[in-house]
>>> print(open('start_6.csv').read())   # CSV, C-alpha atoms
chain,number,residue,atom,x,y,z
F,1,MET,CA,-91.2,13.2,-25.6
F,2,LYS,CA,-94.6,14.5,-26.3
F,3,PHE,CA,-95.5,18.0,-27.2
F,4,SER,CA,-99.2,18.6,-26.6
F,5,GLU,CA,-101.5,20.7,-28.8
F,6,THR,CA,-102.3,22.7,-25.7
F,7,ASP,CA,-98.6,23.6,-25.3
F,8,ILE,CA,-98.1,24.5,-28.9
F,9,CYS,CA,-101.3,26.7,-28.8
F,10,ARG,CA,-100.2,28.5,-25.7
F,11,ILE,CA,-96.7,29.2,-27.0
F,12,THR,CA,-97.9,30.3,-30.4
F,13,GLN,CA,-100.7,32.5,-29.2
F,14,SER,CA,-98.4,34.1,-26.6
F,15,ILE,CA,-95.7,34.9,-29.1
F,16,TRP,CA,-97.9,36.4,-31.7
F,17,ALA,CA,-99.9,38.5,-29.2
F,18,THR,CA,-96.8,39.7,-27.3
F,19,VAL,CA,-94.5,40.4,-30.3
F,20,LEU,CA,-97.1,41.5,-32.9
F,21,GLY,CA,-100.3,42.2,-31.0
F,22,LEU,CA,-102.1,39.7,-33.3
F,23,GLU,CA,-104.6,37.2,-32.2
F,24,VAL,CA,-104.0,33.6,-33.3
F,25,ARG,CA,-106.8,31.0,-33.2
F,26,PRO,CA,-106.8,27.3,-33.9
F,27,ALA,CA,-107.9,26.8,-37.5
F,28,VAL,CA,-111.3,25.3,-38.2
F,29,GLY,CA,-112.1,23.4,-41.3
F,30,GLU,CA,-109.9,22.2,-44.2
F,31,ASP,CA,-106.3,23.0,-44.8
F,32,SER,CA,-105.5,26.0,-47.0
F,33,LYS,CA,-105.7,25.2,-50.8
F,34,ALA,CA,-103.3,28.0,-51.6
F,35,PRO,CA,-100.2,26.8,-53.6
F,36,ALA,CA,-97.0,26.0,-51.7
F,37,SER,CA,-95.3,29.0,-53.4
F,38,ASP,CA,-97.6,31.3,-51.4
F,39,PHE,CA,-96.0,30.2,-48.1
F,40,LEU,CA,-92.8,30.7,-46.1
F,41,THR,CA,-91.4,28.1,-43.8
F,42,GLY,CA,-89.0,28.7,-40.9
F,43,HIS,CA,-87.3,26.0,-38.9
F,44,VAL,CA,-84.9,25.7,-36.0
F,45,CYS,CA,-83.1,22.6,-34.9
F,46,ILE,CA,-83.0,21.5,-31.3
F,47,GLY,CA,-80.1,19.4,-30.4
F,48,GLY,CA,-78.5,17.6,-27.5
F,49,LEU,CA,-80.1,14.8,-25.5
F,50,TRP,CA,-83.2,15.3,-27.7
F,51,GLU,CA,-82.9,16.1,-31.3
F,52,GLY,CA,-85.7,17.6,-33.3
F,53,THR,CA,-87.0,20.6,-35.2
F,54,ALA,CA,-89.6,23.3,-34.6
F,55,ILE,CA,-91.2,24.5,-37.8
F,56,LEU,CA,-93.3,27.6,-38.4
F,57,CYS,CA,-95.1,27.9,-41.8
F,58,CYS,CA,-97.3,30.8,-42.7
F,59,SER,CA,-98.7,32.4,-45.8
F,60,ALA,CA,-96.6,35.1,-47.5
F,61,ASN,CA,-99.4,37.6,-46.7
F,62,LEU,CA,-99.2,36.9,-43.0
F,63,ALA,CA,-95.4,37.0,-43.1
F,64,ARG,CA,-95.5,40.4,-44.7
F,65,GLN,CA,-98.0,41.7,-42.1
F,66,ALA,CA,-95.7,40.4,-39.3
F,67,ALA,CA,-92.7,42.1,-40.9
F,68,ALA,CA,-94.6,45.4,-41.3
F,69,ILE,CA,-95.4,45.4,-37.6
F,70,MET,CA,-91.9,44.5,-36.6
F,71,PHE,CA,-90.2,47.0,-38.7
F,72,GLY,CA,-92.9,49.7,-38.5
F,73,SER,CA,-93.0,49.8,-42.3
F,74,ASP,CA,-96.0,49.7,-44.7
F,75,ASN,CA,-94.0,47.8,-47.3
F,76,PRO,CA,-91.3,45.5,-46.0
F,77,GLY,CA,-88.9,44.0,-48.4
F,78,LEU,CA,-88.2,40.3,-49.0
F,79,GLU,CA,-85.2,40.2,-46.6
F,80,GLU,CA,-87.2,41.9,-43.9
F,81,VAL,CA,-90.1,39.4,-44.3
F,82,ARG,CA,-87.6,36.5,-44.1
F,83,ASP,CA,-86.0,38.1,-41.1
F,84,ALA,CA,-89.4,38.4,-39.4
F,85,VAL,CA,-90.3,34.8,-40.1
F,86,GLY,CA,-86.9,33.7,-38.9
F,87,GLU,CA,-87.2,35.5,-35.6
F,88,LEU,CA,-90.7,34.3,-35.0
F,89,THR,CA,-89.4,30.7,-35.7
F,90,ASN,CA,-86.5,31.3,-33.3
F,91,ILE,CA,-88.7,32.5,-30.5
F,92,THR,CA,-91.1,29.6,-31.1
F,93,GLY,CA,-88.3,27.1,-31.1
F,94,GLY,CA,-86.8,28.5,-27.9
F,95,ASN,CA,-90.1,28.3,-26.1
F,96,ILE,CA,-90.7,24.7,-27.3
F,97,LYS,CA,-87.2,23.8,-26.2
F,98,SER,CA,-88.1,25.1,-22.7
F,99,LEU,CA,-90.6,22.2,-22.5
F,100,LEU,CA,-87.9,19.7,-22.6
F,101,ALA,CA,-86.5,18.3,-19.4
F,102,TYR,CA,-83.1,17.9,-21.0
F,103,SER,CA,-80.4,20.4,-21.6
F,104,CYS,CA,-80.5,21.2,-25.3
F,105,HIS,CA,-79.4,23.9,-27.7
F,106,LEU,CA,-81.0,25.7,-30.5
F,107,SER,CA,-79.7,26.3,-34.0
F,108,LEU,CA,-79.9,29.5,-35.9
F,109,PRO,CA,-83.3,29.7,-37.8
F,110,ALA,CA,-83.5,29.1,-41.5
F,111,VAL,CA,-86.3,30.4,-43.7
F,112,SER,CA,-87.2,29.0,-47.1
F,113,GLU,CA,-90.0,29.6,-49.6
F,114,GLY,CA,-92.7,27.0,-49.8
F,115,LYS,CA,-94.8,24.9,-47.5
F,116,LEU,CA,-93.7,22.0,-45.3
F,117,ALA,CA,-93.6,18.9,-47.6
F,118,GLY,CA,-93.2,16.2,-45.1
F,119,LEU,CA,-90.5,13.7,-44.0
F,120,ASN,CA,-87.0,13.8,-45.4
F,121,GLU,CA,-85.0,10.8,-46.4
F,122,GLU,CA,-83.4,10.5,-43.0
F,123,GLY,CA,-86.8,9.6,-41.5
F,124,SER,CA,-87.7,12.5,-39.3
F,125,VAL,CA,-91.0,12.0,-37.6
F,126,LEU,CA,-93.7,14.6,-37.4
F,127,LEU,CA,-94.7,14.6,-33.7
F,128,ASN,CA,-97.4,17.2,-33.7
F,129,GLN,CA,-98.8,19.9,-36.0
F,130,VAL,CA,-101.2,22.6,-35.1
F,131,ARG,CA,-103.0,24.7,-37.7
F,132,PHE,CA,-104.0,28.3,-36.8
F,133,GLU,CA,-105.6,31.2,-38.4
F,134,CYS,CA,-104.4,34.8,-38.0
F,135,GLN,CA,-105.9,37.8,-39.7
F,136,GLY,CA,-107.7,35.3,-42.0
F,137,GLU,CA,-104.4,33.8,-43.1
F,138,PRO,CA,-103.1,30.3,-42.4
F,139,LEU,CA,-100.3,29.5,-39.9
F,140,GLU,CA,-98.9,26.1,-38.8
F,141,VAL,CA,-96.6,25.2,-36.1
F,142,SER,CA,-95.1,21.7,-36.2
F,143,ILE,CA,-92.6,19.7,-34.1
F,144,ALA,CA,-90.6,16.9,-35.7
F,145,LYS,CA,-88.2,14.4,-34.1
F,146,GLY,CA,-84.9,14.0,-36.0
F,147,ALA,CA,-83.5,16.0,-38.9
F,148,PRO,CA,-85.6,18.8,-40.3
F,149,PRO,CA,-88.3,17.9,-42.8
F,150,THR,CA,-88.0,19.2,-46.3
F,151,SER,CA,-90.0,22.0,-47.8
F,152,ASP,CA,-90.9,22.3,-51.5
F,153,ARG,CA,-88.1,24.8,-52.2
F,154,VAL,CA,-85.1,25.0,-49.9
F,155,ASP,CA,-82.7,27.7,-51.0
F,156,ARG,CA,-80.1,27.2,-48.3
F,157,ASN,CA,-80.2,25.0,-45.2
F,158,GLN,CA,-78.8,27.5,-42.8
F,159,GLY,CA,-80.6,25.7,-40.0
F,160,ILE,CA,-78.5,22.5,-40.3
F,161,ALA,CA,-75.3,24.4,-40.8
F,162,GLY,CA,-75.9,26.5,-37.8
F,163,PHE,CA,-76.9,23.5,-35.7
F,164,ARG,CA,-73.7,21.6,-36.7
F,165,LYS,CA,-71.6,24.6,-35.9
F,166,ASN,CA,-73.2,25.0,-32.5
F,167,ARG,CA,-72.9,21.3,-31.9
F,168,ARG,CA,-69.2,21.6,-32.3
F,169,ARG,CA,-69.1,24.6,-30.0
F,170,TYR,CA,-71.0,22.8,-27.3
F,171,GLY,CA,-68.9,19.7,-27.7
F,172,HIS,CA,-71.6,17.3,-28.9
I,1,MET,CA,-76.6,56.9,-21.2
I,2,LYS,CA,-75.8,54.6,-24.1
I,3,ILE,CA,-77.5,51.3,-24.6
I,4,LEU,CA,-76.2,48.8,-27.2
I,5,ILE,CA,-78.6,46.3,-28.7
I,6,VAL,CA,-77.0,43.3,-30.2
I,7,ASP,CA,-79.0,40.8,-32.4
I,8,ASP,CA,-78.4,39.2,-35.8
I,9,SER,CA,-82.1,39.9,-36.5
I,10,LYS,CA,-82.8,43.4,-37.6
I,11,ALA,CA,-86.4,42.8,-36.8
I,12,MET,CA,-85.6,41.9,-33.2
I,13,ARG,CA,-83.3,44.9,-32.8
I,14,ALA,CA,-86.3,47.1,-33.9
I,15,ILE,CA,-88.6,45.3,-31.4
I,16,VAL,CA,-86.2,45.7,-28.5
I,17,MET,CA,-85.7,49.4,-29.2
I,18,ARG,CA,-89.5,49.8,-29.3
I,19,ALA,CA,-89.9,48.0,-26.0
I,20,LEU,CA,-87.2,50.1,-24.5
I,21,ARG,CA,-88.9,53.3,-25.5
I,22,GLN,CA,-92.3,52.0,-24.2
I,23,ALA,CA,-90.6,51.0,-21.0
I,24,GLY,CA,-89.5,54.6,-20.4
I,25,PHE,CA,-85.9,54.5,-21.7
I,26,ALA,CA,-86.5,56.7,-24.7
I,27,GLY,CA,-84.1,59.4,-23.4
I,28,HIS,CA,-81.1,57.1,-23.8
I,29,THR,CA,-78.9,56.8,-26.8
I,30,MET,CA,-79.5,53.5,-28.6
I,31,LEU,CA,-76.7,51.8,-30.5
I,32,GLU,CA,-77.0,48.7,-32.6
I,33,ALA,CA,-74.7,45.8,-33.6
I,34,ALA,CA,-75.7,42.9,-35.9
I,35,ASN,CA,-73.2,40.3,-34.5
I,36,GLY,CA,-70.8,39.6,-31.7
I,37,ILE,CA,-67.7,40.9,-33.4
I,38,GLU,CA,-69.4,44.2,-34.3
I,39,ALA,CA,-70.7,44.4,-30.7
I,40,LEU,CA,-67.3,44.0,-29.2
I,41,LYS,CA,-65.9,46.6,-31.5
I,42,THR,CA,-68.7,49.0,-30.4
I,43,ILE,CA,-68.2,48.3,-26.8
I,44,ARG,CA,-64.5,49.0,-27.0
I,45,GLU,CA,-65.0,52.2,-29.0
I,46,SER,CA,-68.2,53.7,-27.6
I,47,SER,CA,-68.3,52.3,-24.0
I,48,PRO,CA,-72.0,51.8,-23.8
I,49,ASP,CA,-73.4,51.8,-20.2
I,50,LEU,CA,-75.5,48.8,-21.0
I,51,VAL,CA,-75.5,46.0,-23.6
I,52,LEU,CA,-78.6,44.0,-24.4
I,53,CYS,CA,-77.3,40.9,-26.3
I,54,ASP,CA,-78.9,38.0,-28.1
I,55,LEU,CA,-77.3,34.7,-27.1
I,56,ASN,CA,-77.5,32.6,-30.2
I,57,MET,CA,-75.7,34.4,-33.1
I,58,PRO,CA,-73.6,33.3,-36.0
I,59,GLY,CA,-69.9,33.6,-35.4
I,60,MET,CA,-69.4,35.0,-32.0
I,61,SER,CA,-72.2,34.1,-29.5
I,62,GLY,CA,-73.5,36.4,-26.8
I,63,MET,CA,-71.8,34.3,-24.2
I,64,GLU,CA,-68.5,34.8,-26.0
I,65,VAL,CA,-69.1,38.5,-26.1
I,66,LEU,CA,-69.7,38.5,-22.4
I,67,CYS,CA,-66.5,36.6,-21.7
I,68,ALA,CA,-64.5,38.9,-23.9
I,69,VAL,CA,-66.0,42.0,-22.0
I,70,LYS,CA,-65.0,40.4,-18.7
I,71,GLN,CA,-61.5,39.4,-19.8
I,72,GLU,CA,-60.7,42.8,-21.3
I,73,GLY,CA,-62.0,44.6,-18.2
I,74,LEU,CA,-64.5,46.6,-20.2
I,75,CYS,CA,-67.0,48.6,-18.1
I,76,SER,CA,-70.2,47.9,-20.0
I,77,ARG,CA,-72.8,45.9,-18.2
I,78,LEU,CA,-74.2,43.1,-20.3
I,79,GLY,CA,-77.4,41.1,-20.2
I,80,PHE,CA,-79.1,38.7,-22.5
I,81,VAL,CA,-82.3,38.9,-24.4
I,82,THR,CA,-82.9,35.4,-25.6
I,83,ALA,CA,-85.4,32.8,-26.8
I,84,GLU,CA,-83.6,30.2,-24.8
I,85,ALA,CA,-84.0,31.1,-21.1
I,86,SER,CA,-83.9,27.8,-19.3
I,87,ALA,CA,-83.0,27.6,-15.6
I,88,ASP,CA,-79.6,26.2,-16.6
I,89,LEU,CA,-78.9,29.0,-18.9
I,90,ARG,CA,-79.8,31.6,-16.4
I,91,LEU,CA,-77.4,30.1,-13.9
I,92,THR,CA,-74.6,29.9,-16.5
I,93,ALA,CA,-75.2,33.5,-17.6
I,94,LYS,CA,-75.2,34.7,-14.0
I,95,GLN,CA,-72.0,32.8,-13.1
I,96,ALA,CA,-70.4,34.3,-16.2
I,97,GLY,CA,-71.3,37.8,-15.1
I,98,ALA,CA,-74.5,38.7,-17.0
I,99,SER,CA,-76.5,41.4,-15.4
I,100,PHE,CA,-79.8,39.9,-16.4
I,101,VAL,CA,-81.6,37.5,-18.7
I,102,ILE,CA,-84.8,38.6,-20.5
I,103,GLU,CA,-86.8,35.9,-22.2
I,104,LYS,CA,-88.4,36.3,-25.6
I,105,PRO,CA,-91.3,37.1,-26.1
I,106,PHE,CA,-91.0,40.1,-23.7
I,107,MET,CA,-93.1,43.0,-22.6
I,108,PRO,CA,-91.8,46.5,-21.9
I,109,ALA,CA,-92.4,45.7,-18.2
I,110,ASN,CA,-89.7,43.0,-18.5
I,111,PHE,CA,-87.2,45.7,-19.4
I,112,GLN,CA,-88.3,48.0,-16.7
I,113,GLU,CA,-87.8,45.3,-14.1
I,114,ALA,CA,-84.4,44.3,-15.4
I,115,LEU,CA,-82.9,47.7,-16.3
I,116,GLU,CA,-84.2,50.2,-13.7
I,117,PRO,CA,-82.0,48.8,-10.9
I,118,LEU,CA,-79.0,49.2,-13.2
I,119,ILE,CA,-79.5,52.5,-14.9
I,120,GLY,CA,-82.7,54.1,-13.5
I,121,ARG,CA,-84.9,55.6,-16.3
>>> encode(input="start_6.csv", output="structure tokens")
Amino acid sequence: MKFSETDICRITQSIWATVLGLEVRPAVGEDSKAPASDFLTGHVCIGGLWEGTAILCCSANLARQAAAIMFGSDNPGLEEVRDAVGELTNITGGNIKSLLAYSCHLSLPAVSEGKLAGLNEEGSVLLNQVRFECQGEPLEVSIAKGAPPTSDRVDRNQGIAGFRKNRRRYGH
Amino acid sequence: MKILIVDDSKAMRAIVMRALRQAGFAGHTMLEAANGIEALKTIRESSPDLVLCDLNMPGMSGMEVLCAVKQEGLCSRLGFVTAEASADLRLTAKQAGASFVIEKPFMPANFQEALEPLIGR
């Protein structure tokens, strides 16, 4: 299964414009040099006949801006920021799932601090990753096949727990 | 009229309420529930005219809430607001008795289109 850069761009730009009224553009130039601790990563697992993960990673500044818009608040708290990233990840994952020809289900989103580090020990494969810029801040959307990649700091892997619970519910 | 918004994300509940106001439904009473169990309790106690429910929630899913509403013969009409709006899911939701399925991301016009035939403005 291939997920094109065009599809990822279209989905991401539509979500950020519709939900937040923000313009997202493909990034030009080198990756951000900001430390991993300055980022938040959300992921949702897609399961069923195809198994993979949709991952959204953005700077903490951008996450705060998104939360401020969603909540109509000048100063969103940490839980509100995590909620905002989780919901943006959820919508991104749902739209990516809709590209699949197979019937699949979506886990609950999980949000962790840090930046996507790469493959985990179980050998998930990064299929595509698109870097964006929004309000001068970095944003990445990635799709991996297999179990979710690790991030630098994972407080609690709610995504996997939610996926396994849903997998039992759906009889897989 | 009473409209109940059910989503485990407080951010999404805020966005749905804003979209409802922008769609012309500001005059209705908006209630909130953060999960399926809370939603069912509110439906039993407050009898909302309309329920806008997320599908994928921890504990009790939106589909389970719909099934409970139908089984208990509760009068609230329920539709889904979900990130997972495949053709299969729309068919399953309709067969289960959902009044509509609105896909995320949505515009206020999506709510107008889905809700006006049910409750007017």
>>> closest_residue(input="start_6.csv", among="F:Leu139, F:Leu49, F:Leu56, F:Leu88", to="chain I", atoms="only C-alpha atoms")
F:Leu88
>>> interface_residues(input="start_6.csv", of="chain F", to="chain I", cutoff="7 Å", atoms="only C-alpha atoms", output="PyMOL selection string")
chain F and resi 15+18-19+70-71+83-84+87+90-91+94-95+98+108
>>> atom_distance(input="start_6.csv", atom1="atom CA of Cys45 of chain F", atom2="atom CA of Gly146 of chain F")
8.9 Å
>>> atom_distance(input="start_6.csv", atom1="atom CA of Cys9 of chain F", atom2="atom CA of Val130 of chain F")
7.5 Å
>>> residues_around(input="start_6.csv", residues="Val69 of chain I", least_positions_apart="4", cutoff="9 Å", atoms="all atoms listed in the file", output="list in words")
Leu40, Ile43, Arg44, Glu64, Val65, Gly73, Leu74, Cys75, Ser76, Arg77 and Leu78 of chain I
>>> residues_around(input="start_6.csv", residues="Ile5 of chain I", least_positions_apart="3", cutoff="6 Å", atoms="only C-alpha atoms", output="NGL selection string")
:I and (32 or 51-52)
>>> closest_residue(input="start_6.csv", among="F:Gln65, F:Ser73, F:Ser103, F:Thr89", to="Gly21 of chain F", atoms="all atoms listed in the file")
F:Gln65
>>> atom_distance(input="start_6.csv", atom1="atom CA of Ser37 of chain F", atom2="atom CA of Gly114 of chain F")
4.9 Å
>>> residues_near_point(input="start_6.csv", point="(-98.8, 34.1, -39.0)", cutoff="9 Å", atoms="only C-alpha atoms", output="JSON, numbers by chain")
{"F": [16, 22, 24, 56, 57, 58, 59, 60, 61, 62, 63, 65, 66, 85, 132, 133, 134, 135, 137, 138, 139, 140]}
>>> closest_residue(input="start_6.csv", among="I:Ile37, I:Ala68, I:Val81, I:Leu118", to="Asp49 of chain I", atoms="only C-alpha atoms")
I:Leu118
>>> closest_residue(input="start_6.csv", among="F:Ser112, F:Ser14, F:Asn75, F:Gln129", to="Ala27 of chain F", atoms="only C-alpha atoms")
F:Gln129
>>> closest_residue(input="start_6.csv", among="F:Val125, F:Lys145, F:Val44, F:Gly136", to="Ser107 of chain F", atoms="all atoms listed in the file")
F:Val44
>>> residues_around(input="start_6.csv", residues="Gly27 of chain I", least_positions_apart="3", cutoff="12 Å", atoms="all atoms listed in the file", output="list in words")
Met1, Lys2, Ile3, Met17, Leu20, Arg21, Gln22, Ala23, Gly24, Met30, Ile119, Gly120 and Arg121 of chain I
>>> write_last_selection(input="start_6.csv", atoms="C-alpha atoms", output="mmCIF file, in the frame of the given file")
data_model
loop_
_atom_site.group_PDB
_atom_site.id
_atom_site.type_symbol
_atom_site.label_atom_id
_atom_site.label_comp_id
_atom_site.auth_asym_id
_atom_site.auth_seq_id
_atom_site.Cartn_x
_atom_site.Cartn_y
_atom_site.Cartn_z
ATOM 1 C CA MET I 1 -76.600 56.900 -21.200
ATOM 2 C CA LYS I 2 -75.800 54.600 -24.100
ATOM 3 C CA ILE I 3 -77.500 51.300 -24.600
ATOM 4 C CA MET I 17 -85.700 49.400 -29.200
ATOM 5 C CA LEU I 20 -87.200 50.100 -24.500
ATOM 6 C CA ARG I 21 -88.900 53.300 -25.500
ATOM 7 C CA GLN I 22 -92.300 52.000 -24.200
ATOM 8 C CA ALA I 23 -90.600 51.000 -21.000
ATOM 9 C CA GLY I 24 -89.500 54.600 -20.400
ATOM 10 C CA MET I 30 -79.500 53.500 -28.600
ATOM 11 C CA ILE I 119 -79.500 52.500 -14.900
ATOM 12 C CA GLY I 120 -82.700 54.100 -13.500
ATOM 13 C CA ARG I 121 -84.900 55.600 -16.300
#
>>> build_atoms(input="start_6.csv", residues="segment 33-43 of chain F", atoms="all heavy atoms", output="mmCIF file, in the coordinates of the input")
data_model
loop_
_atom_site.group_PDB
_atom_site.id
_atom_site.type_symbol
_atom_site.label_atom_id
_atom_site.label_comp_id
_atom_site.auth_asym_id
_atom_site.auth_seq_id
_atom_site.Cartn_x
_atom_site.Cartn_y
_atom_site.Cartn_z
ATOM 1 N N LYS F 33 -105.922 25.737 -49.415
ATOM 2 C CA LYS F 33 -105.700 25.200 -50.800
ATOM 3 C C LYS F 33 -104.735 26.056 -51.561
ATOM 4 O O LYS F 33 -104.501 25.808 -52.744
ATOM 5 C CB LYS F 33 -107.035 25.069 -51.515
ATOM 6 C CG LYS F 33 -108.020 24.099 -50.878
ATOM 7 C CD LYS F 33 -107.610 22.669 -51.157
ATOM 8 C CE LYS F 33 -108.652 21.664 -50.659
ATOM 9 N NZ LYS F 33 -108.586 21.409 -49.236
ATOM 10 N N ALA F 34 -104.200 27.078 -50.942
ATOM 11 C CA ALA F 34 -103.300 28.000 -51.600
ATOM 12 C C ALA F 34 -102.032 27.192 -52.051
ATOM 13 O O ALA F 34 -101.613 26.258 -51.360
ATOM 14 C CB ALA F 34 -102.896 29.147 -50.745
ATOM 15 N N PRO F 35 -101.407 27.542 -53.188
ATOM 16 C CA PRO F 35 -100.200 26.800 -53.600
ATOM 17 C C PRO F 35 -99.058 26.990 -52.654
ATOM 18 O O PRO F 35 -98.982 27.982 -51.937
ATOM 19 C CB PRO F 35 -99.889 27.445 -54.995
ATOM 20 C CG PRO F 35 -100.576 28.761 -54.997
ATOM 21 C CD PRO F 35 -101.780 28.624 -54.123
ATOM 22 N N ALA F 36 -98.167 26.011 -52.658
ATOM 23 C CA ALA F 36 -97.000 26.000 -51.700
ATOM 24 C C ALA F 36 -96.177 27.282 -51.908
ATOM 25 O O ALA F 36 -95.580 27.776 -50.959
ATOM 26 C CB ALA F 36 -96.177 24.776 -51.952
ATOM 27 N N SER F 37 -96.144 27.813 -53.121
ATOM 28 C CA SER F 37 -95.300 29.000 -53.400
ATOM 29 C C SER F 37 -95.822 30.213 -52.631
ATOM 30 O O SER F 37 -95.118 31.205 -52.515
ATOM 31 C CB SER F 37 -95.264 29.278 -54.883
ATOM 32 O OG SER F 37 -96.578 29.447 -55.377
ATOM 33 N N ASP F 38 -97.025 30.162 -52.106
ATOM 34 C CA ASP F 38 -97.600 31.300 -51.400
ATOM 35 C C ASP F 38 -97.217 31.262 -49.875
ATOM 36 O O ASP F 38 -97.784 32.032 -49.103
ATOM 37 C CB ASP F 38 -99.120 31.281 -51.461
ATOM 38 C CG ASP F 38 -99.618 31.755 -52.815
ATOM 39 O OD1 ASP F 38 -98.769 32.128 -53.643
ATOM 40 O OD2 ASP F 38 -100.828 31.739 -53.029
ATOM 41 N N PHE F 39 -96.311 30.362 -49.498
ATOM 42 C CA PHE F 39 -96.000 30.200 -48.100
ATOM 43 C C PHE F 39 -94.484 30.402 -47.831
ATOM 44 O O PHE F 39 -93.653 30.274 -48.734
ATOM 45 C CB PHE F 39 -96.363 28.797 -47.593
ATOM 46 C CG PHE F 39 -97.851 28.585 -47.487
ATOM 47 C CD1 PHE F 39 -98.592 28.245 -48.612
ATOM 48 C CD2 PHE F 39 -98.499 28.742 -46.274
ATOM 49 C CE1 PHE F 39 -99.970 28.075 -48.525
ATOM 50 C CE2 PHE F 39 -99.868 28.564 -46.175
ATOM 51 C CZ PHE F 39 -100.603 28.230 -47.304
ATOM 52 N N LEU F 40 -94.178 30.730 -46.579
ATOM 53 C CA LEU F 40 -92.800 30.700 -46.100
ATOM 54 C C LEU F 40 -92.692 29.791 -44.918
ATOM 55 O O LEU F 40 -93.625 29.714 -44.099
ATOM 56 C CB LEU F 40 -92.392 32.161 -45.637
ATOM 57 C CG LEU F 40 -92.124 33.185 -46.738
ATOM 58 C CD1 LEU F 40 -92.029 34.579 -46.170
ATOM 59 C CD2 LEU F 40 -90.851 32.846 -47.489
ATOM 60 N N THR F 41 -91.590 29.058 -44.849
ATOM 61 C CA THR F 41 -91.400 28.100 -43.800
ATOM 62 C C THR F 41 -90.079 28.415 -43.048
ATOM 63 O O THR F 41 -89.028 28.548 -43.683
ATOM 64 C CB THR F 41 -91.320 26.658 -44.300
ATOM 65 O OG1 THR F 41 -92.568 26.353 -44.929
ATOM 66 C CG2 THR F 41 -91.070 25.667 -43.184
ATOM 67 N N GLY F 42 -90.158 28.545 -41.740
ATOM 68 C CA GLY F 42 -89.000 28.700 -40.900
ATOM 69 C C GLY F 42 -88.755 27.487 -40.065
ATOM 70 O O GLY F 42 -89.734 26.879 -39.628
ATOM 71 N N HIS F 43 -87.510 27.116 -39.831
ATOM 72 C CA HIS F 43 -87.300 26.000 -38.900
ATOM 73 C C HIS F 43 -86.011 26.268 -38.077
ATOM 74 O O HIS F 43 -85.095 26.959 -38.514
ATOM 75 C CB HIS F 43 -87.189 24.662 -39.620
ATOM 76 C CG HIS F 43 -85.907 24.401 -40.360
ATOM 77 N ND1 HIS F 43 -85.756 24.657 -41.696
ATOM 78 C CD2 HIS F 43 -84.715 23.902 -39.929
ATOM 79 C CE1 HIS F 43 -84.525 24.339 -42.071
ATOM 80 N NE2 HIS F 43 -83.881 23.878 -41.018
#
